[in-house]
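*Asks:* Quick one: structure below, then a few questions.
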Amino acid sequence: MNQFYSKHSNSLNGVVEVPGDKSISQRILILGSLAIGTTKIKGISYSEDANNLIKNLKLLGVKIIKQKTSAIVRGVGIGGLSPTTKKLYMGNSGTATRLMLGALCNQDFEVKFVGDKSLSNRNMYELIKPLRQMGVKINCKNNKLPITIKGFNETIPIIYDQKIPSAQIKSAILIASLNSPGLTTIIENTPTRNHTEILLRKIGAKIQIKRFKKKKIIKITGQKELKAKNISIAGDPSAASIIGSAVLITPESEIKIMKVNINKTRTTFFNILKKMNAKINISNKKRISNEQVGDITFKSSNLKGVHLGKETVANMIDEIPIFSVLAAFAKGNSSFSGGNELRNKESDRIKSLYEGLTTCKIKVKKKNDGLQITGNKKVNITRDVKIKTYCDHRIAMAFLVMGLASKKKIIIDNVNCIKTSFPNFVTIMKDIGANFSKKN
């Protein structure tokens with residue numbers, strides 16, 4: 001029985017740290033494997049996604065030593081991965097899948113990718129198309145997993161005009177270009193998180209980034225050896241967003257979250273919270289491994305509704321579920337649009353959120369690319385409700401947070417899916433006072 005519930009909590013208080021950023025953890029595991037030398041990673045996230053990635057890199061000949069909160073990666077160089085007859089099981093991770101497809105473009109052998117039910121339903125066409133243009137052979141049905149890929153020693157440089165904002169697709173193409181005999185250009189019409197670019201520059205890739213109006217032009221020259229560097233990873237801002245949001249809707253609460261990554265491509269949600277009248281403050285700012293880091297304090301707040309456009313949604317794609325829950329408690333209407341990519345995440349998040357909010361008697365209208373939510377500070381749930389998570393970790397966490405301000409139980413059907421990104425979420429929440437329990 002994986003069912004779990006939350007209900008009214010008196011207050012949430014304390015000083016906590018969240019796991020290292022999942023996006024950076026996965027990126028540096030892959031890039032460290034393609035570098036020459038030993039990469040030491042401090043503050044790594046050992047979520048299920050990262051653990052599955054480590055197993056797969058080991059199958060491909062990379063030596064990785066796991067320690068309590070760090071890892072050591074012995075790089076094999078670009079094109080230095082070893083063939084394997086075993087399938088690469090990617091679990092639930094779209095990030096690791098897309099980035100590893102990019103990495104294996106530079107390998108002259110065949111590999112098969114498989115995943116869990118949720119990942120196997122996600123359409124990979126927007127990545128498959130440019131990778132095929134780079135000369136890679138990809139076999140699959142309906143552009144979904146299982147996918148078999150056969151790369152070769154030198155991918156073809158391309159110019160990729162990215163219409164759909166996706167840091168994963170951008171990163172996969174950058175990694176695929178590392179052994180191209182020439183210049184690959186990515187035109188990013190809507191800028192997304194830039195951790196891959198930061199890491200590539202740090203480990204010696206020849207990469208140039210220019211801005212033209214609202215666009216970002218990224219140029220990378222292939223066949224440049226990557227050199228291992230030590231990397232420190234700060235706390236995951238998406239994880240901090242979940243805990244902080246719980247504080248905002250719980251009376252007499254205050255939490256400080258230490259050492260959170262505050263890269264400007266990851267702080268859009270925090271800026272939106274301020275527009276919603278949230279009491280949030282970032283202090284003790286510093287730079288670690290070329291990333292901005294700070295401590296974030298959240299306090300109970302009277303929220304007001306806001307409306308989000310396409311560019312804003314693209315920069316807080318992981319936070320849309322928890323934003324939607326906060327919108328239910330805000331005064332007035334809130335909405336978001338331009339969220340087509342949400343339909344291709346761990347679940348169809350527009351559908352999942354609409355169903356969940358409707359079950360909780362929240363007034364919500366569904367659009368093709370977003371939702372409109374009518375808020376009410378005192379959400380009145382008159383009976384226990386059960387939320388179908390569709391095995392989506394962010395849907396599960398968002399509705400558990402919602403339950404903290406409910407007199408009745410909000411039950412989620414699968415708590416185990418949270419381990420995908422935030423394995424100690426329940427423990428941290430209980431430690432600060434959250435009323436969480438397993439449903440018997």
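If you're wondering about the labels, chains in the structure tokens are A, B, ... by order shown, residues count from 1 in each chain, ligands from 1 in order shown.
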Tell me, as JSON, numbers by chain, which residues lie within 10 Å of Ser166 (chain A), counting only C-alpha atoms; anything in the same chain fewer than 5 positions away does not count.
*Replies:* {"A": [126, 127, 171, 188, 190, 191, 192, 193, 314, 315, 317, 341]}
*Asks:* What's the 12 Å shell around Ala205 (chain A), counting only C-alpha atoms, without same-chain residues fewer than 4 positions away, as a compact mmCIF listing (two decimals) with N, CA and C atoms, in the first residue's frame?
*Replies:*
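As a result, around.txt now contains:
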```txt
# COMPACT_ATOMS: atom_id res chain seq x y z
N LEU A 31 28.69 14.45 -17.85
CA LEU A 31 29.83 15.20 -18.37
C LEU A 31 31.14 14.76 -17.70
N LEU A 34 32.46 11.83 -19.45
CA LEU A 34 33.02 12.13 -20.78
C LEU A 34 34.29 12.97 -20.71
N ALA A 35 34.67 13.37 -19.50
CA ALA A 35 35.89 14.17 -19.32
C ALA A 35 37.10 13.27 -19.12
N ILE A 78 35.40 11.71 -24.29
CA ILE A 78 34.34 11.72 -25.30
C ILE A 78 34.57 10.53 -26.25
N LEU A 174 23.74 19.67 -27.21
CA LEU A 174 25.08 20.14 -26.86
C LEU A 174 26.02 18.97 -26.58
N ILE A 175 25.53 17.98 -25.84
CA ILE A 175 26.36 16.82 -25.52
C ILE A 175 26.63 16.01 -26.79
N SER A 177 27.00 17.10 -29.69
CA SER A 177 27.92 17.84 -30.56
C SER A 177 29.38 17.77 -30.11
N LEU A 178 29.65 17.14 -28.97
CA LEU A 178 30.99 17.21 -28.40
C LEU A 178 32.06 16.56 -29.27
N ASN A 179 31.67 15.64 -30.15
CA ASN A 179 32.66 15.04 -31.06
C ASN A 179 32.37 15.37 -32.52
N THR A 196 23.83 23.18 -18.07
CA THR A 196 24.72 22.46 -18.99
C THR A 196 25.78 23.38 -19.57
N GLU A 197 25.36 24.58 -19.98
CA GLU A 197 26.32 25.53 -20.53
C GLU A 197 27.37 25.91 -19.48
N ILE A 198 26.94 26.13 -18.25
CA ILE A 198 27.86 26.50 -17.17
C ILE A 198 28.88 25.39 -16.94
N LEU A 199 28.40 24.15 -16.88
CA LEU A 199 29.31 23.01 -16.64
C LEU A 199 30.24 22.78 -17.82
N LEU A 200 29.73 22.88 -19.03
CA LEU A 200 30.59 22.68 -20.21
C LEU A 200 31.72 23.71 -20.24
N ARG A 201 31.38 24.94 -19.94
CA ARG A 201 32.41 25.99 -19.92
C ARG A 201 33.45 25.70 -18.83
N LYS A 219 26.77 28.54 -29.42
CA LYS A 219 27.63 27.89 -30.42
C LYS A 219 28.69 27.06 -29.71
N ILE A 220 28.82 25.81 -30.15
CA ILE A 220 29.80 24.92 -29.53
C ILE A 220 30.62 24.23 -30.62
N THR A 221 31.93 24.26 -30.46
CA THR A 221 32.85 23.62 -31.39
C THR A 221 33.24 22.25 -30.84
N GLY A 222 33.04 21.23 -31.63
CA GLY A 222 33.29 19.86 -31.17
C GLY A 222 34.76 19.48 -31.19
N GLN A 223 35.03 18.27 -30.71
CA GLN A 223 36.37 17.67 -30.68
C GLN A 223 37.35 18.48 -29.84
N LYS A 224 36.81 19.00 -28.75
CA LYS A 224 37.63 19.69 -27.75
C LYS A 224 37.61 18.83 -26.49
N GLU A 225 38.78 18.42 -26.02
CA GLU A 225 38.86 17.54 -24.87
C GLU A 225 38.31 18.21 -23.60
N LEU A 226 37.50 17.47 -22.86
CA LEU A 226 36.97 17.96 -21.60
C LEU A 226 37.88 17.54 -20.46
N LYS A 227 38.12 18.43 -19.52
CA LYS A 227 39.03 18.15 -18.41
C LYS A 227 38.26 18.17 -17.08
N ALA A 228 38.41 17.11 -16.32
CA ALA A 228 37.66 16.95 -15.07
C ALA A 228 37.94 18.09 -14.09
```
*Asks:* Show me, as a ChimeraX atom specification, the residues that have an atom within 8 Å of Ser335 (chain A) when counting only C-alpha atoms, minus same-chain residues fewer than 4 positions from it.
*Replies:* /A:306-308,370-373
*Asks:* Quick check, in Å to one decimal: how far apart do CA of Leu53 (chain A) and CA of Lys141 (chain A) lie?
*Replies:*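 Computed distance, CA of Leu53 (chain A) to CA of Lys141 (chain A), equals 23.2 Å.
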*Asks:* Which polymer residues have any atom within 10 Å of an atom of region 146-151 of chain A, counting only C-alpha atoms, with same-chain residues fewer than 4 positions away left out, as a PyMOL selection string?
*Replies:* chain A and resi 79+87-89+97+101-116+119-121+124+128+131-132+134-142+155+176
*Asks:* Which polymer residues have any atom within 7 Å of an atom of Val325 (chain A), counting only C-alpha atoms, with same-chain residues fewer than 4 positions away left out, as a PDB file with C-alpha atoms, in the first residue's frame?
*Replies:*
```pdb
ATOM      1  CA  PRO A 321       2.095  21.970  -9.844  1.00  0.00           C
ATOM      2  CA  ALA A 398       1.950  19.406  -4.393  1.00  0.00           C
ATOM      3  CA  MET A 402      -2.312  21.246  -0.020  1.00  0.00           C
TER       4      MET A 402
END
```
*Asks:* Which parts of region 71-210 of chain A does DSSP call helix (DSSP H, G or I) when run on the backbone here, written out as a PyMOL selection string?
*Replies:* chain A and resi 94-106+117-120+125-133+167-179+195-202
*Asks:* So that I have them on file, write out the residues from the current selection with C-alpha atoms, as a tab-separated table (two decimals), in the first residue's frame.
*Replies:*
```tsv
chain	number	residue	atom	x	y	z
A	94	GLY	CA	13.29	12.23	-18.83
A	95	THR	CA	16.38	14.33	-18.10
A	96	ALA	CA	18.76	11.37	-17.86
A	97	THR	CA	17.19	9.69	-20.89
A	98	ARG	CA	17.51	12.70	-23.16
A	99	LEU	CA	21.03	13.58	-22.00
A	100	MET	CA	22.23	9.99	-22.34
A	101	LEU	CA	20.79	9.79	-25.85
A	102	GLY	CA	22.96	12.81	-26.59
A	103	ALA	CA	26.03	11.22	-25.00
A	104	LEU	CA	25.62	7.99	-26.96
A	105	CYS	CA	25.51	9.84	-30.28
A	106	ASN	CA	29.31	9.87	-30.11
A	117	LYS	CA	5.39	3.08	-17.57
A	118	SER	CA	5.34	6.85	-17.11
A	119	LEU	CA	8.58	7.50	-18.99
A	120	SER	CA	7.57	5.08	-21.75
A	125	TYR	CA	10.11	13.31	-31.14
A	126	GLU	CA	11.43	16.83	-30.51
A	127	LEU	CA	14.82	15.32	-29.62
A	128	ILE	CA	14.83	12.39	-32.03
A	129	LYS	CA	14.43	14.73	-35.02
A	130	PRO	CA	17.61	16.82	-34.49
A	131	LEU	CA	19.67	13.79	-33.40
A	132	ARG	CA	18.79	12.07	-36.68
A	133	GLN	CA	19.88	15.24	-38.48
A	167	ALA	CA	16.58	22.56	-21.32
A	168	GLN	CA	16.74	18.77	-21.70
A	169	ILE	CA	16.61	18.84	-25.50
A	170	LYS	CA	19.07	21.74	-25.67
A	171	SER	CA	21.47	19.91	-23.35
A	172	ALA	CA	21.21	16.63	-25.28
A	173	ILE	CA	22.15	18.37	-28.53
A	174	LEU	CA	25.08	20.14	-26.86
A	175	ILE	CA	26.36	16.82	-25.52
A	176	ALA	CA	25.80	15.13	-28.91
A	177	SER	CA	27.92	17.84	-30.56
A	178	LEU	CA	30.99	17.21	-28.40
A	179	ASN	CA	32.66	15.04	-31.06
A	195	HIS	CA	23.35	24.45	-16.03
A	196	THR	CA	24.72	22.46	-18.99
A	197	GLU	CA	26.32	25.53	-20.53
A	198	ILE	CA	27.86	26.50	-17.17
A	199	LEU	CA	29.31	23.01	-16.64
A	200	LEU	CA	30.59	22.68	-20.21
A	201	ARG	CA	32.41	25.99	-19.92
A	202	LYS	CA	33.90	24.96	-16.56
```
*Asks:* Tell me which protein, DNA and RNA residues are within 12 Å of Lys304 (chain A), counting only C-alpha atoms, leaving out same-chain ones fewer than 3 positions away, and put them as a ChimeraX atom specification.
*Replies:* /A:248-249,272-279,301,307,323,326-335,373-377
